[in-house]
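Quick look at coords.cif (mmCIF, C-alpha atoms):
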```
data_final
loop_
_atom_site.label_atom_id
_atom_site.label_comp_id
_atom_site.auth_asym_id
_atom_site.auth_seq_id
_atom_site.Cartn_x
_atom_site.Cartn_y
_atom_site.Cartn_z
CA MET U 117 3.79 -18.06 -20.67
CA SER U 118 6.54 -19.95 -18.87
CA ARG U 119 6.64 -20.23 -15.12
CA ARG U 120 9.77 -18.06 -15.14
CA LEU U 121 7.98 -15.31 -17.07
CA ALA U 122 4.96 -15.67 -14.80
CA ARG U 123 7.12 -15.00 -11.77
CA ALA U 124 8.65 -12.03 -13.57
CA ALA U 125 5.16 -10.65 -14.25
CA LEU U 126 4.21 -11.09 -10.61
CA SER U 127 7.46 -9.40 -9.63
CA LEU U 128 6.48 -6.42 -11.76
CA TYR U 129 3.09 -6.47 -10.09
CA ARG U 130 4.85 -6.45 -6.72
CA TRP U 131 6.59 -3.20 -7.64
CA GLY U 132 3.88 -1.72 -9.81
CA GLY U 133 0.95 -2.44 -7.56
CA LEU U 134 -2.33 -2.22 -9.43
CA ALA U 135 -0.68 -1.32 -12.73
CA LEU U 136 -1.40 -4.78 -14.11
CA TYR U 137 -5.01 -4.52 -12.92
CA PRO U 138 -6.07 -0.97 -13.89
CA ALA U 139 -9.78 -1.75 -13.71
CA ILE U 140 -9.45 -2.87 -10.11
CA GLY U 141 -7.31 0.11 -9.24
CA SER U 142 -9.71 2.56 -10.84
CA TYR U 143 -12.65 0.95 -9.10
CA LEU U 144 -11.07 1.18 -5.66
CA ALA U 145 -9.87 4.72 -6.24
CA LEU U 146 -13.36 5.70 -7.40
CA ARG U 147 -14.94 4.22 -4.28
CA VAL U 148 -12.65 6.29 -2.08
CA ALA U 149 -13.16 9.42 -4.19
CA LYS U 150 -16.95 9.14 -4.10
CA GLY U 151 -17.02 8.71 -0.35
CA LYS U 152 -18.24 5.13 -0.43
CA GLU U 153 -16.35 4.48 2.78
CA GLU U 154 -16.29 6.01 6.23
CA ARG U 155 -14.07 9.08 6.04
CA SER U 156 -12.89 8.61 9.61
CA ARG U 157 -11.58 5.14 8.72
CA ARG U 158 -10.12 5.79 5.28
CA ARG U 159 -6.58 5.24 6.56
CA GLU U 160 -7.43 1.57 7.06
CA ARG U 161 -7.44 1.26 3.26
CA TYR U 162 -3.74 2.00 3.37
CA GLY U 163 -3.00 -0.63 5.98
CA ILE U 164 -3.00 1.79 8.92
CA ALA U 165 -4.75 0.11 11.84
CA SER U 166 -7.34 1.99 13.88
CA VAL U 167 -7.39 -0.36 16.88
CA GLU U 168 -4.87 -2.28 18.94
CA ARG U 169 -3.89 -5.83 18.05
CA PRO U 170 -4.83 -8.28 20.82
CA ALA U 171 -2.28 -10.63 22.32
CA GLY U 172 -2.19 -14.26 21.27
CA PRO U 173 -3.07 -16.02 18.02
CA LEU U 174 -5.16 -14.17 15.47
CA VAL U 175 -6.99 -15.35 12.34
CA TRP U 176 -7.59 -12.87 9.54
CA PHE U 177 -10.88 -13.40 7.69
CA HIS U 178 -11.73 -11.40 4.58
CA ALA U 179 -15.15 -11.14 2.93
CA ALA U 180 -15.80 -8.68 0.14
CA SER U 181 -19.41 -7.73 0.75
CA VAL U 182 -22.65 -8.61 2.51
CA GLY U 183 -23.28 -12.06 1.05
CA GLU U 184 -19.76 -13.31 1.70
CA THR U 185 -19.79 -11.80 5.19
CA ASN U 186 -23.03 -13.52 6.14
CA ALA U 187 -21.73 -16.81 4.76
CA ILE U 188 -18.68 -16.93 7.02
CA VAL U 189 -20.33 -15.69 10.22
CA PRO U 190 -20.90 -19.24 11.56
CA LEU U 191 -17.30 -20.14 10.73
CA ILE U 192 -16.04 -17.06 12.56
CA LYS U 193 -18.17 -17.93 15.58
CA GLU U 194 -16.58 -21.39 15.67
CA VAL U 195 -13.08 -19.89 15.64
CA ARG U 196 -14.01 -17.47 18.41
CA ARG U 197 -15.54 -20.30 20.42
CA ARG U 198 -12.05 -21.80 20.50
CA GLY U 199 -10.69 -18.63 22.07
CA ILE U 200 -8.85 -17.37 18.98
CA ALA U 201 -9.00 -13.66 18.16
CA VAL U 202 -10.51 -12.75 14.78
CA LEU U 203 -9.73 -9.82 12.52
CA LEU U 204 -12.42 -9.44 9.85
CA THR U 205 -11.95 -7.17 6.86
CA THR U 206 -14.67 -6.18 4.42
CA GLY U 207 -14.88 -3.74 1.53
CA THR U 208 -18.09 -1.75 1.98
CA ILE U 209 -20.00 0.28 4.56
CA THR U 210 -22.93 -2.10 4.11
CA SER U 211 -20.86 -5.14 5.02
CA ALA U 212 -19.31 -3.27 7.94
CA LYS U 213 -22.81 -2.71 9.35
CA VAL U 214 -23.57 -6.41 8.95
CA VAL U 215 -20.42 -7.21 10.94
CA GLN U 216 -21.51 -4.86 13.72
CA ASP U 217 -25.06 -6.23 13.79
CA ARG U 218 -24.16 -9.93 13.68
CA LEU U 219 -20.80 -10.10 15.47
CA GLY U 220 -20.48 -6.86 17.43
CA SER U 221 -17.38 -6.62 19.59
CA ASP U 222 -16.66 -10.34 19.21
CA VAL U 223 -14.38 -9.54 16.25
CA ILE U 224 -12.08 -6.72 15.20
CA HIS U 225 -13.36 -5.08 12.02
CA GLN U 226 -11.16 -3.16 9.59
CA TYR U 227 -11.67 -2.11 5.99
CA VAL U 228 -9.58 -4.26 3.69
CA PRO U 229 -6.34 -2.58 2.57
CA LEU U 230 -5.79 -1.76 -1.07
CA ASP U 231 -3.94 -4.48 -2.94
CA LEU U 232 -0.76 -2.39 -3.09
CA LYS U 233 2.56 -3.49 -1.65
CA PRO U 234 2.98 -0.61 0.86
CA ALA U 235 -0.58 -0.99 2.17
CA ILE U 236 -0.48 -4.79 2.42
CA SER U 237 2.99 -4.82 3.98
CA ARG U 238 1.98 -2.24 6.58
CA PHE U 239 -1.20 -4.21 7.33
CA LEU U 240 0.58 -7.54 7.76
CA GLU U 241 3.47 -6.13 9.76
CA TYR U 242 1.02 -4.69 12.27
CA TRP U 243 -1.49 -7.53 12.58
CA HIS U 244 0.82 -10.55 12.17
CA PRO U 245 -2.04 -12.98 11.46
CA ASP U 246 -1.34 -16.65 12.12
CA LEU U 247 -3.77 -17.71 9.40
CA ALA U 248 -5.54 -15.92 6.54
CA ILE U 249 -8.97 -17.14 5.39
CA MET U 250 -10.47 -15.56 2.28
CA ALA U 251 -14.09 -16.04 1.18
CA GLU U 252 -15.38 -17.12 -2.21
CA SER U 253 -13.52 -15.41 -5.09
CA GLU U 254 -11.22 -12.96 -3.34
CA ILE U 255 -8.00 -13.39 -5.35
CA TRP U 256 -5.77 -10.35 -4.76
CA PRO U 257 -2.27 -10.94 -6.21
CA MET U 258 -0.29 -8.61 -3.94
CA THR U 259 -2.03 -9.86 -0.82
CA ILE U 260 -1.39 -13.48 -1.81
CA LEU U 261 2.27 -12.77 -2.58
CA GLU U 262 2.92 -10.89 0.64
CA LEU U 263 1.24 -13.58 2.75
CA GLY U 264 3.31 -16.21 0.94
CA LYS U 265 6.49 -14.23 1.50
CA ARG U 266 5.79 -14.30 5.25
CA HIS U 267 4.87 -18.01 5.22
CA ILE U 268 1.40 -17.26 6.60
CA PRO U 269 -1.00 -20.09 5.67
CA GLN U 270 -3.74 -18.99 3.28
CA VAL U 271 -7.04 -20.81 2.86
CA LEU U 272 -9.83 -19.98 0.43
CA VAL U 273 -13.24 -21.04 1.80
CA ASN U 274 -16.55 -21.30 -0.05
CA GLY U 275 -14.39 -20.85 -3.14
CA ARG U 276 -15.86 -20.32 -6.56
CA ILE U 277 -14.68 -19.27 -10.00
CA SER U 278 -17.28 -17.75 -12.28
CA ASP U 279 -17.88 -18.72 -15.90
CA ARG U 280 -16.36 -15.39 -16.95
CA SER U 281 -13.30 -15.55 -14.71
CA PHE U 282 -12.21 -19.10 -15.45
CA PRO U 283 -11.30 -18.56 -19.16
CA ARG U 284 -9.39 -15.41 -18.22
CA TRP U 285 -7.34 -17.28 -15.64
CA LYS U 286 -6.73 -20.13 -18.10
CA ARG U 287 -5.27 -17.70 -20.64
CA ARG U 288 -2.79 -16.68 -17.94
CA HIS U 289 -2.27 -20.16 -16.58
CA ALA U 290 1.36 -19.66 -15.54
CA ILE U 291 0.44 -16.56 -13.51
CA ALA U 292 -2.51 -18.39 -11.98
CA ASP U 293 -0.27 -21.31 -11.07
CA ALA U 294 2.29 -18.99 -9.46
CA LEU U 295 -0.48 -17.40 -7.39
CA PHE U 296 -2.58 -20.41 -6.43
CA GLU U 297 0.44 -22.39 -5.27
CA ASN U 298 0.50 -20.02 -2.29
CA PHE U 299 -2.79 -21.39 -0.95
CA ALA U 300 -2.37 -24.06 1.70
CA LEU U 301 -5.91 -25.24 0.94
CA VAL U 302 -8.84 -24.34 -1.30
CA ILE U 303 -12.29 -25.38 -0.06
CA ALA U 304 -14.62 -25.10 -3.04
CA GLN U 305 -18.40 -24.75 -3.17
CA SER U 306 -18.92 -27.38 -5.87
CA GLU U 307 -17.22 -30.08 -7.90
CA THR U 308 -17.13 -27.71 -10.87
CA ASP U 309 -15.37 -25.03 -8.83
CA ALA U 310 -12.95 -27.62 -7.42
CA GLU U 311 -12.04 -28.81 -10.91
CA ARG U 312 -11.41 -25.24 -12.01
CA PHE U 313 -9.18 -24.44 -9.05
CA SER U 314 -7.22 -27.65 -9.60
CA ALA U 315 -6.80 -26.85 -13.30
CA LEU U 316 -5.31 -23.48 -12.31
CA GLY U 317 -2.72 -25.01 -10.01
CA ALA U 318 -4.36 -25.02 -6.58
CA LEU U 319 -3.39 -27.96 -4.39
CA PRO U 320 -4.96 -29.41 -2.31
CA VAL U 321 -8.61 -28.73 -3.16
CA MET U 322 -11.66 -30.12 -1.38
CA VAL U 323 -15.44 -29.62 -1.80
CA SER U 324 -17.62 -28.43 1.07
CA GLY U 325 -20.87 -27.27 -0.48
CA ASN U 326 -22.12 -23.71 -0.11
CA LEU U 327 -21.62 -22.09 3.31
CA LYS U 328 -24.58 -19.82 2.60
CA VAL U 329 -26.87 -22.79 3.18
CA ASP U 330 -25.57 -23.24 6.71
CA THR U 331 -26.17 -19.67 7.82
CA ASP U 332 -29.09 -18.70 10.04
CA ALA U 333 -32.14 -17.15 8.42
CA PRO U 334 -31.93 -13.34 8.26
CA PRO U 335 -33.11 -11.94 11.61
CA VAL U 336 -36.04 -9.61 12.20
CA ASP U 337 -37.30 -7.36 14.97
CA PRO U 338 -40.64 -9.01 15.87
CA ALA U 339 -42.19 -5.70 16.89
CA VAL U 340 -41.35 -4.08 13.55
CA LEU U 341 -42.66 -7.07 11.63
CA LYS U 342 -45.92 -7.03 13.59
CA THR U 343 -46.35 -3.32 12.95
CA TYR U 344 -46.15 -3.78 9.20
CA LEU U 345 -48.27 -6.93 9.10
CA ASP U 346 -50.97 -5.13 11.09
CA GLN U 347 -50.95 -2.43 8.39
CA ILE U 348 -51.62 -4.87 5.51
CA PRO U 349 -54.22 -7.38 6.80
CA GLY U 350 -55.49 -9.62 4.03
CA ARG U 351 -53.41 -8.01 1.29
CA ARG U 352 -51.63 -10.13 -1.31
CA THR U 353 -47.89 -9.44 -1.49
CA TRP U 354 -44.83 -10.36 -3.50
CA ALA U 355 -41.24 -9.14 -3.31
CA ALA U 356 -38.47 -8.32 -5.76
CA ILE U 357 -35.26 -8.53 -3.72
CA SER U 358 -31.58 -7.80 -4.35
CA THR U 359 -32.56 -5.94 -7.50
CA PHE U 360 -30.21 -4.16 -9.87
CA GLU U 361 -30.89 -1.32 -12.32
CA GLY U 362 -33.78 -2.17 -14.61
CA GLU U 363 -35.26 -4.77 -12.29
CA GLU U 364 -37.02 -2.21 -10.07
CA ALA U 365 -38.74 -0.85 -13.19
CA ALA U 366 -39.66 -4.41 -14.15
CA ALA U 367 -41.19 -4.97 -10.70
CA GLY U 368 -43.16 -1.74 -11.07
CA ASN U 369 -44.46 -2.88 -14.46
CA VAL U 370 -45.49 -6.22 -12.97
CA HIS U 371 -47.38 -4.41 -10.21
CA ARG U 372 -49.22 -2.21 -12.72
CA ALA U 373 -50.10 -5.25 -14.83
CA LEU U 374 -51.49 -7.22 -11.88
CA LYS U 375 -53.05 -4.47 -9.78
CA GLU U 376 -56.54 -4.65 -11.31
CA ARG U 377 -56.61 -8.46 -11.29
CA THR U 378 -55.34 -8.61 -7.69
CA PRO U 379 -57.08 -5.90 -5.63
CA GLY U 380 -54.99 -4.68 -2.71
CA LEU U 381 -51.73 -6.01 -4.19
CA LEU U 382 -48.59 -4.79 -2.40
CA THR U 383 -45.22 -5.06 -4.11
CA ILE U 384 -42.08 -5.02 -1.96
CA ILE U 385 -38.91 -3.91 -3.74
CA VAL U 386 -35.50 -4.26 -2.06
CA PRO U 387 -32.62 -2.84 -4.14
CA ARG U 388 -29.28 -4.59 -3.73
CA HIS U 389 -27.72 -1.18 -3.10
CA PRO U 390 -29.94 0.87 -0.74
CA GLU U 391 -28.17 4.09 -1.69
CA ARG U 392 -30.11 3.91 -4.97
CA GLY U 393 -33.31 4.47 -2.98
CA ASP U 394 -33.85 8.06 -4.14
CA ALA U 395 -33.53 7.19 -7.82
CA VAL U 396 -35.71 4.10 -7.52
CA ALA U 397 -38.42 5.95 -5.58
CA ASP U 398 -38.46 8.81 -8.12
CA MET U 399 -38.69 6.37 -11.04
CA LEU U 400 -41.60 4.44 -9.52
CA THR U 401 -43.46 7.60 -8.48
CA ALA U 402 -43.10 8.97 -12.01
CA ARG U 403 -44.93 5.84 -13.21
CA GLY U 404 -47.93 6.74 -11.08
CA LEU U 405 -47.23 4.35 -8.22
CA LYS U 406 -47.57 5.32 -4.58
CA VAL U 407 -44.29 4.47 -2.85
CA VAL U 408 -43.60 4.19 0.88
CA ARG U 409 -39.92 3.95 1.80
CA ARG U 410 -38.82 1.98 4.83
CA THR U 411 -36.46 4.81 5.79
CA SER U 412 -39.35 7.30 5.85
CA GLY U 413 -41.08 5.56 8.75
CA GLU U 414 -44.44 6.23 7.10
CA PRO U 415 -47.17 3.59 7.51
CA LEU U 416 -48.38 1.35 4.70
CA THR U 417 -51.87 2.48 3.77
CA PRO U 418 -54.51 0.72 1.63
CA ASP U 419 -53.47 2.77 -1.43
CA THR U 420 -49.73 2.02 -1.06
CA ASP U 421 -48.50 0.26 -4.20
CA ILE U 422 -44.81 -0.19 -3.42
CA PHE U 423 -43.01 -0.75 -0.14
CA LEU U 424 -39.41 0.22 -0.92
CA GLY U 425 -36.91 -1.57 1.33
CA ASP U 426 -34.08 0.97 1.24
CA THR U 427 -32.34 -0.21 4.40
CA ILE U 428 -29.39 -2.41 5.27
CA GLY U 429 -29.69 -5.71 7.10
CA GLU U 430 -33.49 -6.03 7.08
CA MET U 431 -33.99 -8.74 4.46
CA GLY U 432 -35.53 -10.87 7.21
CA LEU U 433 -38.30 -8.28 7.57
CA TYR U 434 -39.13 -8.00 3.87
CA LEU U 435 -39.11 -11.75 3.21
CA ARG U 436 -41.38 -12.45 6.19
CA MET U 437 -43.97 -10.10 4.72
CA THR U 438 -44.54 -12.31 1.66
CA GLU U 439 -44.51 -15.84 0.27
CA ILE U 440 -43.29 -15.01 -3.25
CA ALA U 441 -39.82 -13.63 -3.98
CA PHE U 442 -38.19 -12.72 -7.27
CA VAL U 443 -34.41 -12.71 -6.76
CA GLY U 444 -32.61 -10.02 -8.75
CA ARG U 445 -29.37 -9.56 -10.63
CA SER U 446 -30.78 -12.23 -12.89
CA LEU U 447 -33.06 -10.52 -15.41
CA PHE U 448 -31.10 -7.49 -16.65
CA ALA U 449 -27.83 -8.02 -14.77
CA GLU U 450 -25.67 -11.15 -14.61
CA GLY U 451 -24.53 -13.48 -11.87
CA GLY U 452 -27.65 -13.83 -9.76
CA GLN U 453 -28.11 -13.32 -6.04
CA ASN U 454 -28.62 -15.75 -3.17
CA PRO U 455 -31.94 -17.69 -3.49
CA LEU U 456 -31.37 -19.65 -0.28
CA GLU U 457 -32.53 -16.92 2.12
CA PRO U 458 -36.03 -16.62 0.59
CA ALA U 459 -36.26 -20.42 0.36
CA MET U 460 -35.42 -20.92 4.03
CA LEU U 461 -37.84 -18.16 5.05
CA GLY U 462 -40.80 -19.75 3.28
CA CYS U 463 -40.96 -18.09 -0.13
CA ALA U 464 -41.60 -19.56 -3.55
CA VAL U 465 -38.63 -18.38 -5.63
CA LEU U 466 -38.67 -16.78 -9.08
CA SER U 467 -35.57 -15.68 -10.96
CA GLY U 468 -34.23 -14.62 -14.29
CA GLY U 469 -31.87 -16.94 -16.11
CA ASN U 470 -28.55 -15.18 -15.43
CA VAL U 471 -27.64 -16.98 -12.20
CA GLN U 472 -24.12 -18.24 -12.88
CA ASN U 473 -22.82 -17.37 -9.42
CA PHE U 474 -25.50 -19.52 -7.76
CA ARG U 475 -25.88 -22.19 -10.43
CA GLU U 476 -25.77 -25.23 -8.11
CA ALA U 477 -28.22 -23.71 -5.62
CA TYR U 478 -30.71 -22.87 -8.36
CA GLN U 479 -30.30 -26.27 -9.98
CA GLN U 480 -31.18 -28.04 -6.75
CA LEU U 481 -34.07 -25.71 -5.95
CA ALA U 482 -35.48 -26.01 -9.47
CA ARG U 483 -34.98 -29.78 -9.53
CA ASN U 484 -37.09 -30.07 -6.37
CA GLY U 485 -39.75 -27.72 -7.69
CA SER U 486 -39.08 -24.78 -5.39
CA ALA U 487 -37.71 -22.26 -7.90
CA LYS U 488 -38.89 -21.26 -11.38
CA MET U 489 -36.97 -19.29 -14.00
CA VAL U 490 -38.49 -16.50 -16.09
CA ARG U 491 -37.23 -15.17 -19.44
CA ASP U 492 -38.61 -11.63 -19.34
CA VAL U 493 -40.92 -9.18 -17.59
CA GLU U 494 -44.05 -10.63 -19.17
CA MET U 495 -43.16 -14.11 -17.93
CA LEU U 496 -42.35 -12.71 -14.49
CA ALA U 497 -45.80 -11.10 -14.32
CA LYS U 498 -47.44 -14.38 -15.30
CA GLY U 499 -45.40 -16.26 -12.70
CA VAL U 500 -46.27 -13.84 -9.90
CA HIS U 501 -49.96 -13.88 -10.87
CA TYR U 502 -50.06 -17.68 -11.00
CA LEU U 503 -48.53 -18.02 -7.54
CA LEU U 504 -50.77 -15.34 -6.06
CA ALA U 505 -53.84 -17.11 -7.41
CA ASN U 506 -52.81 -20.72 -6.63
CA ASP U 507 -52.35 -21.26 -2.91
CA GLU U 508 -51.69 -25.00 -3.26
CA MET U 509 -48.88 -24.60 -5.81
CA ARG U 510 -47.33 -21.78 -3.80
CA ARG U 511 -47.38 -23.95 -0.67
CA GLN U 512 -45.82 -26.87 -2.56
CA MET U 513 -42.96 -24.65 -3.74
CA ILE U 514 -42.44 -23.26 -0.24
CA ASP U 515 -42.31 -26.72 1.33
CA ALA U 516 -39.97 -27.99 -1.38
CA GLY U 517 -37.65 -25.02 -0.85
CA GLN U 518 -37.34 -25.56 2.87
CA GLU U 519 -36.72 -29.27 2.36
CA THR U 520 -34.06 -28.51 -0.25
CA VAL U 521 -32.24 -26.14 2.08
CA GLN U 522 -32.14 -28.85 4.76
CA GLU U 523 -30.78 -31.36 2.25
CA MET U 524 -28.02 -28.97 1.16
CA ARG U 525 -26.71 -28.28 4.65
CA GLY U 526 -23.33 -29.61 5.79
CA ALA U 527 -20.85 -27.14 4.28
CA LEU U 528 -19.95 -25.62 7.66
CA ARG U 529 -19.07 -28.99 9.15
CA ALA U 530 -16.97 -29.92 6.10
CA THR U 531 -15.18 -26.55 6.13
CA ILE U 532 -14.32 -26.79 9.83
CA LYS U 533 -12.95 -30.28 9.28
CA GLY U 534 -10.76 -29.01 6.44
CA LEU U 535 -9.48 -26.13 8.60
CA GLU U 536 -8.68 -28.22 11.69
CA PRO U 537 -4.97 -28.73 10.85
CA TYR U 538 -4.60 -24.94 10.86
CA ILE U 539 -7.04 -24.05 13.64
CA ASN U 540 -6.17 -26.71 16.23
CA PRO U 541 -2.59 -25.46 16.90
CA LEU U 542 -3.97 -21.94 17.36
CA THR U 543 -6.53 -23.26 19.83
CA VAL U 544 -3.67 -24.60 21.95
CA LYS U 545 -1.79 -21.29 21.67
CA ALA U 546 -4.93 -19.37 22.67
CA ARG U 547 -5.02 -21.18 26.01
CA LEU U 548 -1.78 -19.40 26.88
CA HIS U 549 -3.61 -16.08 26.48
CA PRO U 550 -6.80 -16.37 28.58
CA ARG U 551 -7.83 -12.81 27.78
CA GLN U 552 -8.75 -14.01 24.30
CA THR U 553 -11.07 -16.77 25.40
CA SER U 554 -14.79 -16.36 24.82
#
```

Output the file's structure as structure tokens, nothing else.
Amino acid sequence: MSRRLARAALSLYRWGGLALYPAIGSYLALRVAKGKEERSRRRERYGIASVERPAGPLVWFHAASVGETNAIVPLIKEVRRRGIAVLLTTGTITSAKVVQDRLGSDVIHQYVPLDLKPAISRFLEYWHPDLAIMAESEIWPMTILELGKRHIPQVLVNGRISDRSFPRWKRRHAIADALFENFALVIAQSETDAERFSALGALPVMVSGNLKVDTDAPPVDPAVLKTYLDQIPGRRTWAAISTFEGEEAAAGNVHRALKERTPGLLTIIVPRHPERGDAVADMLTARGLKVVRRTSGEPLTPDTDIFLGDTIGEMGLYLRMTEIAFVGRSLFAEGGQNPLEPAMLGCAVLSGGNVQNFREAYQQLARNGSAKMVRDVEMLAKGVHYLLANDEMRRQMIDAGQETVQEMRGALRATIKGLEPYINPLTVKARLHPRQTS
């Protein structure tokens, strides 16, 4: 496709909205229809603001979900430290709760508008951001075009392109080039990601490393942690976290296989989507396992098999209750989930092989001996049993994981340095509006 035709296609997209991306449109419409968002704030999806815009310079950050939100929290704090107002958009109720818990009133939160021209135009006309910073793989054509039309600098931070997405973009190279030319800067997670962005027309591109390494460990309420630890003295534990459909059943099968060989074993299961708690609890109970849900408030008793973590924002609690963590979306689903949180909180890490979205992190953890990959449920059971029975090996993996996390740090510093040409002028402008200073 020629560049001229690419621009014509994007022009059609401008007028047709999500017509060129029906899957995205259907997905967003379905989320609204199923009540996946706060009804009282649904108008935000159409670019209608629910709060007043503050005076002075404003940076718009966007993070799709929980992982991306957590990754950019330190970056947002640095921008706020400079006295610049921050508007943060996310796409889910879960991520909105994370924003409230970790940033509170220090930022303005809105749900991200649909990638439709009327919604995006209304959103930008109201907020007038001085800079737009998108996290990871948030490439929304209408948003990019409308920001470019208004000459608002756009920066992609912690950028990545998955193994599945890259070939699709390459087949539409002219469209990709016409979109990516709008970015003032792309800050990629890895050399591989940087090469992919450059091949698709982004310029300039720099490498920072993964911002998720530079985040703080997930927090915990010490009193709650103590309560649960007091309920399970001396019990062996392991956790299956960020699990997707099929992986909770796998964790239940592992528990049943190991229960007789490991008396008092407690399995902690934390679904990636807590709203699946009812279905997961029913499935595990039907298999003869005694389940205690975090949301029930019931105590863990000696005959409790499964502690089901069906809450938002409490990963720090669940990971501090164990030293072995299987990270989901890797055995029966694809892409993987973040292994850095369990590593930094002192867990030996197990994972399935489908970890494309966190390839570099897993490679470094595995290279240093802090993460092991499993092919199937049988191998997962063997891995969990081995680590439960071998304290020295488990401790070696834990120590290696924490050392690896320290070695990988530095992405935040590199990202801030890359953003300075865009942030520094806003810092000066913010001094003219003292109400925005921290």

Could you state the separation of atom CA of Ser486 of chain U and atom CA of Asp515 of chain U in Å, given to one decimal place? 7.7 Å

Of the candidates U:Asp246, U:Glu364, U:Glu439, U:Asp419, which one gets nearest to Arg392 of chain U if we count only C-alpha atoms? U:Glu364

The PyMOL selection byres ((chain U and resi 265) around 12) applied to the shown file, residues as a ChimeraX atom specification: /U:130,233,236-237,240-241,258-264,266-270,295,298-299

Need the shell around Ser278 of chain U: protein/DNA/RNA residues with any atom at most 9 Å away, counting all atoms listed in the file. Skip same-chain ones fewer than 3 positions apart. Format as a list in words? Ser253, Ser281, Phe282, Asp309, Gly451, Gln472 and Asn473 of chain U

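Distances here use only C-alpha atoms; by that measure, the residue among U:Leu528, U:His371, U:Tyr478, U:Asp426 closest to Gly393 of chain U is U:Asp426.
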
Give me the residues near Gly469 of chain U as an MDAnalysis selection string, where near means some atom within 10 Å (using only C-alpha atoms) and where sequence neighbours in that chain fewer than 2 positions away do not count. chainID U and resid 445:452 466:467 471:472 475 478 488:492

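The neighbours of Ala530 of chain U here are the residues that come within 12 Å of it, using all atoms listed in the file and leaving out any residue fewer than 2 positions away in the same chain; they are Leu191, Val273, Asn274, Ile303, Ala304, Gln305, Met322, Val323, Ser324, Gly325, Asn326, Leu327, Asp330, Arg525, Gly526, Ala527, Leu528, Ile532, Lys533, Gly534, Leu535 and Glu536 of chain U.
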
Pairwise distance for atom CA of Arg388 of chain U and atom CA of Asp279 of chain U, rounded to one decimal in Å: 21.9 Å

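Picked by the PyMOL selection byres ((chain U and resi 174-176) around 8) from the coordinates shown: Pro170, Gly172, Pro173, Phe177, His178, Ile200, Ala201, Val202, Leu203, Leu204, Thr205, His244, Pro245, Asp246, Leu247, Ala248 and Ile249 of chain U.
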
Using the chain letters and numbering of this document, enumerate as a ChimeraX atom specification the residues selected by the PyMOL selection byres ((chain U and resi 169) around 8). /U:167-168,170-171,242-243

Can you pull out every residue within 12 Å of Asp398 of chain U, counting all atoms listed in the file, but drop anything in the same chain fewer than 2 positions away, and send it as a PDB file with C-alpha atoms, in the coordinates of the input?
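Okay, this is what ended up in part.pdb:
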```pdb
ATOM      1  CA  GLU U 364     -37.020  -2.210 -10.070  1.00  0.00           C
ATOM      2  CA  ALA U 365     -38.740  -0.850 -13.190  1.00  0.00           C
ATOM      3  CA  GLY U 368     -43.160  -1.740 -11.070  1.00  0.00           C
ATOM      4  CA  ARG U 392     -30.110   3.910  -4.970  1.00  0.00           C
ATOM      5  CA  GLY U 393     -33.310   4.470  -2.980  1.00  0.00           C
ATOM      6  CA  ASP U 394     -33.850   8.060  -4.140  1.00  0.00           C
ATOM      7  CA  ALA U 395     -33.530   7.190  -7.820  1.00  0.00           C
ATOM      8  CA  VAL U 396     -35.710   4.100  -7.520  1.00  0.00           C
ATOM      9  CA  LEU U 400     -41.600   4.440  -9.520  1.00  0.00           C
ATOM     10  CA  THR U 401     -43.460   7.600  -8.480  1.00  0.00           C
ATOM     11  CA  ALA U 402     -43.100   8.970 -12.010  1.00  0.00           C
ATOM     12  CA  ARG U 403     -44.930   5.840 -13.210  1.00  0.00           C
ATOM     13  CA  GLY U 404     -47.930   6.740 -11.080  1.00  0.00           C
ATOM     14  CA  LEU U 405     -47.230   4.350  -8.220  1.00  0.00           C
ATOM     15  CA  LYS U 406     -47.570   5.320  -4.580  1.00  0.00           C
ATOM     16  CA  VAL U 407     -44.290   4.470  -2.850  1.00  0.00           C
ATOM     17  CA  VAL U 408     -43.600   4.190   0.880  1.00  0.00           C
ATOM     18  CA  ARG U 409     -39.920   3.950   1.800  1.00  0.00           C
ATOM     19  CA  ILE U 422     -44.810  -0.190  -3.420  1.00  0.00           C
ATOM     20  CA  LEU U 424     -39.410   0.220  -0.920  1.00  0.00           C
TER      21      LEU U 424
END
```

Considering only C-alpha atoms, can you say which of U:Asp293, U:Ile277, U:Lys213, U:Lys328 comes closest to Ala310 of chain U? U:Ile277

Find, counting all atoms listed in the file, the residue in U:Ser306, U:Thr378, U:Gln216, U:Ser314 that gets nearest to Ala497 of chain U. U:Thr378

Need the shell around Arg510 of chain U: protein/DNA/RNA residues with any atom at most 10 Å away, counting all atoms listed in the file. Skip same-chain ones fewer than 3 positions apart. Format as a PyMOL selection string? chain U and resi 439-440+462-465+486+502-507+513-516
